[in-house]
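Peer 1: Have a peek at data.cif (mmCIF, C-alpha atoms and all ligand atoms).
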data_input
loop_
_atom_site.label_atom_id
_atom_site.label_comp_id
_atom_site.auth_asym_id
_atom_site.auth_seq_id
_atom_site.Cartn_x
_atom_site.Cartn_y
_atom_site.Cartn_z
CA MET A 1259 11.02 28.14 11.54
CA ASN A 1260 14.59 26.80 11.39
CA ASN A 1261 15.89 24.17 9.00
CA ASP A 1262 15.48 21.18 11.34
CA TRP A 1263 12.49 20.07 9.30
CA LEU A 1264 14.88 19.16 6.49
CA LYS A 1265 16.37 16.53 8.80
CA LYS A 1266 13.02 15.53 10.28
CA GLY A 1267 11.62 14.50 6.92
CA PHE A 1268 8.54 16.70 7.16
CA VAL A 1269 7.83 20.40 7.52
CA ASP A 1270 7.33 21.21 11.18
CA GLU A 1271 5.57 24.53 11.51
CA THR A 1272 2.85 25.69 13.86
CA ILE A 1273 -0.36 26.21 11.93
CA PRO A 1274 -2.86 28.81 13.18
CA GLU A 1275 -5.76 26.99 14.81
CA ASP A 1276 -8.37 28.90 12.86
CA LEU A 1277 -6.90 27.96 9.46
CA ASP A 1278 -9.37 25.93 7.40
CA LEU A 1279 -6.99 23.17 6.32
CA VAL A 1280 -9.40 21.53 3.91
CA GLU A 1281 -9.98 24.81 2.05
CA GLU A 1282 -6.25 25.68 2.08
CA ILE A 1283 -5.33 22.27 0.67
CA LYS A 1284 -7.97 22.59 -2.06
CA THR A 1285 -6.65 26.02 -3.03
CA LEU A 1286 -3.01 24.90 -3.10
CA LYS A 1287 -3.90 21.82 -5.16
CA LYS A 1288 -5.58 24.00 -7.74
CA GLU A 1289 -2.88 26.69 -7.80
CA LYS A 1290 -0.09 24.15 -8.22
CA ASN A 1291 -1.93 21.63 -10.42
CA ALA A 1292 -1.27 18.99 -7.78
CA LEU A 1293 -2.93 15.58 -7.57
CA LEU A 1294 -3.50 14.30 -4.03
CA MET A 1295 -3.60 10.51 -3.93
CA ALA A 1296 -4.30 8.49 -0.80
CA HIS A 1297 -4.06 4.79 0.02
CA TYR A 1298 -7.06 3.10 1.66
CA TYR A 1299 -5.09 2.93 4.93
CA GLN A 1300 -5.01 6.71 5.33
CA LYS A 1301 -6.95 8.59 7.99
CA ASN A 1302 -10.58 9.22 7.05
CA GLU A 1303 -10.14 12.98 6.66
CA ILE A 1304 -7.27 12.44 4.21
CA GLN A 1305 -9.28 9.96 2.14
CA ASP A 1306 -12.14 12.47 2.05
CA ILE A 1307 -10.06 15.27 0.56
CA ALA A 1308 -7.98 13.13 -1.84
CA ASP A 1309 -8.51 13.37 -5.61
CA PHE A 1310 -7.96 9.64 -5.83
CA VAL A 1311 -8.16 6.88 -3.20
CA GLY A 1312 -6.99 3.40 -4.10
CA ASP A 1313 -4.88 0.32 -3.52
CA SER A 1314 -1.21 0.01 -4.41
CA LEU A 1315 -1.93 -1.04 -8.00
CA ALA A 1316 -4.43 1.73 -8.73
CA LEU A 1317 -2.18 4.37 -7.14
CA ALA A 1318 0.77 3.28 -9.31
CA TRP A 1319 -1.38 3.24 -12.44
CA GLU A 1320 -2.89 6.67 -11.77
CA ALA A 1321 0.57 8.10 -11.03
CA SER A 1322 1.81 6.81 -14.39
CA LYS A 1323 -0.82 8.64 -16.41
CA THR A 1324 -1.62 11.86 -14.58
CA ASN A 1325 -1.27 15.30 -16.18
CA ALA A 1326 -0.67 16.97 -12.84
CA ASP A 1327 2.61 18.82 -12.22
CA ILE A 1328 2.82 17.59 -8.64
CA ILE A 1329 1.83 14.20 -7.24
CA LEU A 1330 1.34 14.25 -3.48
CA LEU A 1331 1.15 10.64 -2.37
CA SER A 1332 -0.32 10.13 1.07
CA GLY A 1333 0.67 6.59 1.91
CA VAL A 1334 4.06 5.12 2.69
CA LEU A 1335 7.41 5.86 1.07
CA PHE A 1336 7.55 2.96 -1.38
CA MET A 1337 4.28 4.24 -2.92
CA GLY A 1338 5.87 7.66 -3.46
CA GLU A 1339 8.97 6.00 -4.94
CA THR A 1340 6.80 3.94 -7.30
CA ALA A 1341 5.07 7.13 -8.46
CA LYS A 1342 8.46 8.81 -9.06
CA ILE A 1343 9.77 5.78 -10.96
CA LEU A 1344 6.73 5.96 -13.24
CA SER A 1345 6.55 9.75 -13.55
CA PRO A 1346 10.12 11.05 -13.34
CA ASP A 1347 9.22 14.46 -14.76
CA LYS A 1348 6.69 15.18 -12.03
CA LYS A 1349 7.48 16.50 -8.61
CA VAL A 1350 6.47 13.68 -6.25
CA LEU A 1351 5.88 14.68 -2.66
CA VAL A 1352 5.05 12.66 0.47
CA PRO A 1353 3.82 14.20 3.72
CA ASP A 1354 6.50 12.52 5.86
CA LEU A 1355 9.65 10.74 4.69
CA ASN A 1356 9.58 8.65 7.89
CA ALA A 1357 6.48 6.79 6.68
CA GLY A 1358 8.29 3.53 5.95
CA CYS A 1359 7.04 -0.02 5.51
CA SER A 1360 8.10 -3.01 7.59
CA LEU A 1361 7.98 -5.24 4.51
CA ALA A 1362 10.27 -2.97 2.48
CA ASP A 1363 12.58 -2.66 5.51
CA SER A 1364 12.70 -6.46 5.86
CA CYS A 1365 14.32 -6.73 2.43
CA PRO A 1366 17.57 -4.74 2.06
CA ALA A 1367 18.74 -4.64 -1.57
CA ASP A 1368 22.25 -6.00 -0.91
CA ALA A 1369 20.95 -9.05 1.00
CA PHE A 1370 18.21 -9.62 -1.59
CA GLY A 1371 20.82 -9.40 -4.37
CA GLU A 1372 22.82 -12.13 -2.61
CA PHE A 1373 19.62 -14.23 -2.24
CA ILE A 1374 19.09 -13.94 -6.02
CA ARG A 1375 22.71 -14.98 -6.68
CA GLN A 1376 22.17 -18.07 -4.48
CA HIS A 1377 19.25 -19.11 -6.71
CA PRO A 1378 20.47 -18.74 -10.28
CA GLY A 1379 18.02 -19.17 -13.13
CA HIS A 1380 15.01 -18.01 -11.10
CA LEU A 1381 12.52 -15.39 -12.22
CA VAL A 1382 12.49 -12.65 -9.57
CA VAL A 1383 8.95 -11.64 -8.64
CA THR A 1384 8.62 -8.99 -5.95
CA TYR A 1385 5.70 -7.50 -4.11
CA VAL A 1386 5.40 -3.75 -4.68
CA ASN A 1387 6.15 -3.14 -0.97
CA THR A 1388 9.89 -2.81 -1.62
CA THR A 1389 12.46 -0.07 -2.14
CA ALA A 1390 13.33 1.19 -5.64
CA ASP A 1391 16.67 -0.65 -5.31
CA VAL A 1392 14.89 -4.00 -4.82
CA LYS A 1393 12.54 -3.28 -7.73
CA ALA A 1394 15.64 -2.66 -9.84
CA LEU A 1395 16.72 -6.26 -9.08
CA SER A 1396 13.31 -7.71 -10.06
CA ASP A 1397 11.85 -9.18 -13.24
CA ILE A 1398 8.18 -8.58 -12.37
CA VAL A 1399 6.53 -6.53 -9.64
CA VAL A 1400 3.12 -7.61 -8.30
CA THR A 1401 0.58 -6.16 -5.92
CA SER A 1402 -1.97 -8.09 -3.88
CA THR A 1403 -4.59 -7.32 -6.57
CA ASN A 1404 -2.73 -8.97 -9.45
CA ALA A 1405 -0.34 -11.43 -7.74
CA VAL A 1406 -2.43 -14.58 -8.33
CA LYS A 1407 -3.05 -13.69 -11.99
CA ILE A 1408 0.62 -12.90 -12.63
CA ILE A 1409 2.02 -15.99 -10.88
CA ASN A 1410 -0.45 -18.15 -12.83
CA SER A 1411 0.72 -16.55 -16.09
CA ILE A 1412 4.36 -17.61 -15.60
CA PRO A 1413 5.27 -20.75 -17.57
CA LYS A 1414 5.25 -23.82 -15.32
CA ASP A 1415 8.88 -24.65 -16.01
CA ARG A 1416 10.16 -21.26 -14.76
CA LYS A 1417 11.57 -21.33 -11.24
CA ILE A 1418 10.44 -18.36 -9.16
CA ILE A 1419 11.90 -16.31 -6.32
CA PHE A 1420 9.21 -14.40 -4.45
CA GLY A 1421 9.82 -11.61 -1.95
CA PRO A 1422 9.60 -10.01 0.44
CA ASP A 1423 6.31 -11.16 2.03
CA LYS A 1424 6.37 -14.81 3.14
CA ASN A 1425 2.66 -14.80 4.03
CA LEU A 1426 1.62 -13.57 0.59
CA GLY A 1427 4.20 -15.94 -0.95
CA ASN A 1428 2.83 -18.95 0.94
CA TYR A 1429 -0.72 -17.96 -0.01
CA LEU A 1430 0.29 -17.69 -3.71
CA GLN A 1431 1.94 -21.11 -3.51
CA SER A 1432 -1.23 -22.66 -2.09
CA ILE A 1433 -3.48 -21.03 -4.72
CA SER A 1434 -1.26 -21.62 -7.76
CA GLY A 1435 0.34 -24.91 -6.76
CA ARG A 1436 3.71 -23.36 -7.70
CA GLU A 1437 6.80 -24.02 -5.60
CA MET A 1438 8.61 -20.73 -5.02
CA VAL A 1439 11.76 -19.71 -3.15
CA ILE A 1440 10.37 -17.20 -0.66
CA TRP A 1441 12.13 -14.36 1.17
CA ASP A 1442 11.51 -14.31 4.93
CA GLY A 1443 9.73 -10.96 5.33
CA ALA A 1444 6.38 -9.91 6.75
CA CYS A 1445 4.14 -6.91 7.42
CA HIS A 1446 4.07 -6.24 11.16
CA VAL A 1447 0.46 -5.02 10.98
CA HIS A 1448 -0.95 -8.10 9.26
CA GLU A 1449 1.19 -10.46 11.36
CA ARG A 1450 -0.32 -9.29 14.63
CA PHE A 1451 -3.96 -10.19 14.09
CA SER A 1452 -5.24 -12.52 16.81
CA VAL A 1453 -6.95 -15.67 15.53
CA GLU A 1454 -8.49 -16.21 19.00
CA LYS A 1455 -10.02 -12.72 19.07
CA ILE A 1456 -11.31 -13.08 15.50
CA VAL A 1457 -12.91 -16.44 16.40
CA ASP A 1458 -14.50 -14.83 19.49
CA LEU A 1459 -15.89 -12.04 17.31
CA LYS A 1460 -17.27 -14.59 14.87
CA LYS A 1461 -19.00 -16.43 17.76
CA GLN A 1462 -20.65 -13.16 18.83
CA ASN A 1463 -21.52 -12.30 15.19
CA SER A 1464 -22.33 -15.61 13.54
CA ASP A 1465 -23.87 -13.81 10.54
CA ALA A 1466 -20.59 -11.99 9.77
CA LEU A 1467 -18.15 -13.04 7.04
CA ILE A 1468 -14.44 -12.92 7.84
CA ILE A 1469 -12.46 -11.20 5.08
CA ALA A 1470 -8.66 -10.86 5.08
CA HIS A 1471 -5.70 -9.41 3.22
CA PRO A 1472 -3.26 -12.07 1.95
CA GLU A 1473 -0.45 -10.52 4.04
CA CYS A 1474 -2.14 -12.12 7.10
CA LYS A 1475 -0.68 -15.28 8.61
CA LYS A 1476 -2.01 -18.65 7.48
CA PRO A 1477 -4.23 -19.31 10.56
CA VAL A 1478 -6.14 -16.07 9.83
CA LEU A 1479 -6.42 -16.86 6.12
CA THR A 1480 -7.64 -20.39 6.93
CA ILE A 1481 -10.67 -19.10 8.84
CA SER A 1482 -11.47 -16.39 6.27
CA ASP A 1483 -14.43 -16.50 3.90
CA PHE A 1484 -12.71 -14.23 1.38
CA ILE A 1485 -9.08 -13.22 0.81
CA GLY A 1486 -8.00 -10.26 -1.30
CA SER A 1487 -6.25 -6.91 -1.66
CA THR A 1488 -7.79 -3.79 -0.15
CA ALA A 1489 -9.56 -3.02 -3.45
CA SER A 1490 -10.82 -6.61 -3.74
CA LEU A 1491 -12.06 -6.65 -0.14
CA LEU A 1492 -13.92 -3.39 -0.72
CA LYS A 1493 -15.52 -4.75 -3.91
CA PHE A 1494 -16.44 -7.99 -2.15
CA THR A 1495 -18.28 -6.16 0.63
CA GLN A 1496 -20.25 -4.19 -1.97
CA GLU A 1497 -21.24 -7.22 -4.01
CA SER A 1498 -21.81 -9.75 -1.22
CA ASN A 1499 -25.29 -10.54 0.08
CA ALA A 1500 -23.91 -10.54 3.62
CA ASN A 1501 -24.56 -7.55 5.84
CA LYS A 1502 -21.75 -7.92 8.34
CA PHE A 1503 -17.98 -8.34 7.90
CA ILE A 1504 -15.02 -8.90 10.20
CA VAL A 1505 -12.19 -7.18 8.34
CA ALA A 1506 -8.59 -8.38 8.80
CA THR A 1507 -6.44 -5.65 7.30
CA GLU A 1508 -5.38 -2.15 8.37
CA TRP A 1509 -8.62 -0.64 9.55
CA GLY A 1510 -8.38 2.53 7.38
CA ILE A 1511 -10.18 0.56 4.66
CA LEU A 1512 -13.32 0.44 6.80
CA HIS A 1513 -13.98 4.08 5.90
CA GLN A 1514 -14.54 3.34 2.18
CA MET A 1515 -16.44 0.14 3.01
CA GLN A 1516 -18.83 2.04 5.25
CA LYS A 1517 -19.21 4.84 2.69
CA ALA A 1518 -19.96 2.38 -0.12
CA SER A 1519 -22.37 0.28 1.99
CA PRO A 1520 -23.82 2.54 4.69
CA ASP A 1521 -26.35 -0.08 5.81
CA LYS A 1522 -23.79 -2.84 6.35
CA THR A 1523 -21.75 -3.43 9.50
CA PHE A 1524 -17.96 -3.58 9.49
CA ILE A 1525 -15.95 -4.84 12.43
CA ALA A 1526 -12.18 -4.31 12.50
CA ALA A 1527 -10.37 -7.55 13.33
CA PRO A 1528 -8.29 -6.98 16.46
CA PRO A 1529 -4.56 -7.44 17.01
CA SER A 1530 -3.40 -9.76 19.82
CA ASP A 1531 -1.45 -7.11 21.72
CA SER A 1532 -4.09 -4.46 22.18
CA THR A 1533 -7.26 -3.89 24.12
CA CYS A 1534 -8.66 -1.59 21.44
CA GLY A 1535 -10.28 -3.27 18.46
CA CYS A 1536 -8.19 -1.51 15.84
CA ASN A 1537 -5.03 -2.55 14.07
CA ASP A 1538 -3.38 0.45 12.53
CA CYS A 1539 -0.11 0.96 10.69
CA GLU A 1540 1.78 3.63 12.59
CA PHE A 1541 3.70 4.55 9.41
CA MET A 1542 0.54 5.16 7.39
CA ARG A 1543 -0.81 7.21 10.28
CA LEU A 1544 2.17 9.57 10.36
CA ASN A 1545 0.37 11.48 7.61
CA SER A 1546 -2.10 14.19 8.56
CA LEU A 1547 -4.00 17.09 7.00
CA GLN A 1548 -1.52 19.45 8.68
CA LYS A 1549 1.45 17.73 7.01
CA ILE A 1550 -0.34 17.59 3.66
CA TYR A 1551 -0.99 21.32 3.82
CA LEU A 1552 2.64 22.12 4.68
CA THR A 1553 3.95 19.67 2.07
CA LEU A 1554 1.93 21.40 -0.64
CA LYS A 1555 2.87 24.85 0.61
CA TYR A 1556 6.65 24.22 0.71
CA GLU A 1557 6.77 21.45 -1.91
CA PHE A 1558 8.76 19.37 0.57
CA PRO A 1559 9.58 16.57 1.24
CA GLU A 1560 10.22 15.44 -2.29
CA VAL A 1561 10.84 11.82 -3.29
CA GLU A 1562 14.06 11.23 -5.21
CA VAL A 1563 15.05 8.07 -7.05
CA GLN A 1564 18.52 7.81 -8.60
CA GLU A 1565 18.13 7.78 -12.41
CA SER A 1566 20.25 4.64 -12.92
CA VAL A 1567 18.03 2.78 -10.39
CA ARG A 1568 14.84 4.24 -11.81
CA ARG A 1569 15.59 3.04 -15.33
CA LYS A 1570 15.94 -0.53 -14.05
CA ALA A 1571 13.07 -0.34 -11.56
CA ILE A 1572 10.50 0.83 -14.12
CA LYS A 1573 10.83 -2.33 -16.24
CA PRO A 1574 9.30 -4.84 -13.76
CA ILE A 1575 6.51 -2.33 -12.97
CA GLU A 1576 5.68 -1.91 -16.66
CA ARG A 1577 5.73 -5.71 -16.99
CA MET A 1578 3.21 -5.80 -14.13
CA PHE A 1579 0.92 -3.38 -15.96
CA GLU A 1580 1.11 -5.52 -19.11
CA LEU A 1581 0.11 -8.59 -17.09
CA SER A 1582 -2.72 -6.82 -15.24
CA GLU A 1583 -5.26 -6.83 -18.07
CA GLY A 1584 -8.75 -6.41 -16.64
CA LEU A 1585 -7.47 -5.28 -13.25
CA ILE A 1586 -6.63 -1.67 -14.07
CA LYS A 1587 -8.94 0.95 -15.50
CA LYS A 1588 -7.19 1.92 -18.76
P1 LIG B 1601 -2.91 -3.29 -1.40
O1 LIG B 1601 -2.96 -1.83 -1.55
O2 LIG B 1601 -2.37 -3.98 -2.62
O3 LIG B 1601 -4.18 -3.91 -0.94
O4 LIG B 1601 -1.85 -3.62 -0.26
C1 LIG B 1601 -1.78 -2.78 0.78
C2 LIG B 1601 -0.53 -2.91 1.53
O5 LIG B 1601 0.46 -2.32 1.23
C3 LIG B 1601 -0.56 -3.78 2.66
O6 LIG B 1601 0.59 -3.67 3.42
#
Before we go any further, please render this structure as structure tokens.

Peer 2:
Amino acid sequence: MNNDWLKKGFVDETIPEDLDLVEEIKTLKKEKNALLMAHYYQKNEIQDIADFVGDSLALAWEASKTNADIILLSGVLFMGETAKILSPDKKVLVPDLNAGCSLADSCPADAFGEFIRQHPGHLVVTYVNTTADVKALSDIVVTSTNAVKIINSIPKDRKIIFGPDKNLGNYLQSISGREMVIWDGACHVHERFSVEKIVDLKKQNSDALIIAHPECKKPVLTISDFIGSTASLLKFTQESNANKFIVATEWGILHQMQKASPDKTFIAAPPSDSTCGCNDCEFMRLNSLQKIYLTLKYEFPEVEVQESVRRKAIKPIERMFELSEGLIKK
């Protein structure tokens, strides 16, 4: 092995075919007192071996209170950064530093800083899908689980900037009746759902409910029976009397839905530009059991957040926790 993996952002080493990756990962986790956390959009086999599977809010909360020495966050980079901001004394690892997020990329900190300067006197509320630098410019961070509650808690006379997701921002405006100045960003995965294909699926499955993540475009949200974060969608499918669901978010979540309700039917809502029925986030899917094994073995790649940025970025996240009463398991 040469040192090219340092540049690649993940350890690139041939693994013997007969190695039992699941057992190796379990052993390394134990030896190193490492906590493996996975977002609901991870591959099924990663979710199955993770110590904790959750949405962005739950992952951040768990990262803030773990006793582990190492946090290995299988998700996308901003999730690893959030864990590092909250737990600076832990070693935070991600399986592949290239696992970015189109929303975070759509909001560079210098341009967002200028946007804030153009709207003086506004409270800066940002979705957690941002870089640490953007969090450092924010007053309150939200996730899709707590965004409605937090926006509703802000005094009516406070002007609000919301970024970076315009679809979530527009949804929050419609639910709360608040006018907000919204950054023009979007998640490429949620933007590409096809309303026509979802309507066709509904015609073929008239007993199915359409459920969607609020990052979807308005036409998809308009035809949906329920809108919520990944954790809320999962809970809804468990509690609903319906037996069939058309699910408009990254299709990794279907794994937990099917596990929680084995007798119910889950249909992944399709994107417009594909013949397959699935809509997956190629960044989330950069992670694999192989990379998780090598990441634990070499303790690389590690997430770093500059201390001056971290000290600013933690404040809006802690504010979010304070405003999330009832939504996190304390
Ligand atoms: P939640 O984890 O809050 O549901 O959001 C997932 C996400 O990052 C969508 O892009």

Peer 1: Which residues, written as number ranges by chain, have at least one atom at most 8 Å from Val1383 of chain A, with all atoms listed in the file counted and residues fewer than 3 positions away on the same chain left out?

Peer 2: A: 1396-1400, 1418-1421

Peer 1: Looking at all atoms listed in the file, which of A:Lys1342, A:Lys1424, A:Lys1555, A:Lys1393 is the one that sits closest to Pro1366 of chain A?

Peer 2: A:Lys1393

Peer 1: Near His1446 of chain A, within 10 Å and counting only C-alpha atoms, which residues show up once chain neighbours fewer than 6 positions away are dropped, as a PyMOL selection string?

Peer 2: chain A and resi 1359-1361+1473-1474+1539

Peer 1: With 7 Å as the cut-off and all atoms listed in the file counted, what is the closest atom pair between each nearby residue of chain A and ligand LIG 1601 (chain B)? Distances in Å to one decimal, ordered by chain and number, as CSV.

Peer 2:
residue,atom,partner,partner_atom,distance
A:His1297,CA,B:LIG1601,O1,6.9
A:Asp1313,CA,B:LIG1601,O1,3.5
A:Ser1314,CA,B:LIG1601,O1,3.8
A:Leu1315,CA,B:LIG1601,O2,6.1
A:Asn1387,CA,B:LIG1601,O5,6.2
A:Thr1401,CA,B:LIG1601,O2,4.9
A:Ser1402,CA,B:LIG1601,O2,4.3
A:Thr1403,CA,B:LIG1601,O2,5.6
A:Cys1445,CA,B:LIG1601,O6,6.3
A:Glu1473,CA,B:LIG1601,C3,6.9
A:Ser1487,CA,B:LIG1601,O3,3.7
A:Thr1488,CA,B:LIG1601,O3,3.7
A:Ala1489,CA,B:LIG1601,O3,6.0

Peer 1: Given the point (17.1, -14.7, -9.7) in the file's coordinates, find the residues that have an atom at most 12 Å from it, counting all atoms listed in the file, and give them as a PyMOL selection string.

Peer 2: chain A and resi 1370-1384+1392+1395-1398+1416-1421+1438-1441

Peer 1: Report the distance between atom CA of Lys1460 of chain A and atom CA of Lys1493 of chain A in Å, rounded to one decimal place.

Peer 2: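 If I compute the distance from atom CA of Lys1460 of chain A to atom CA of Lys1493 of chain A, I get 21.3 Å.
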
Peer 1: Which residue, A:Ile1304, A:Asn1537, A:Asn1404, A:Pro1353, has the smallest gap to Tyr1556 of chain A when you use only C-alpha atoms?

Peer 2: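 The shortest atom-to-atom distance to Tyr1556 of chain A comes from A:Pro1353.
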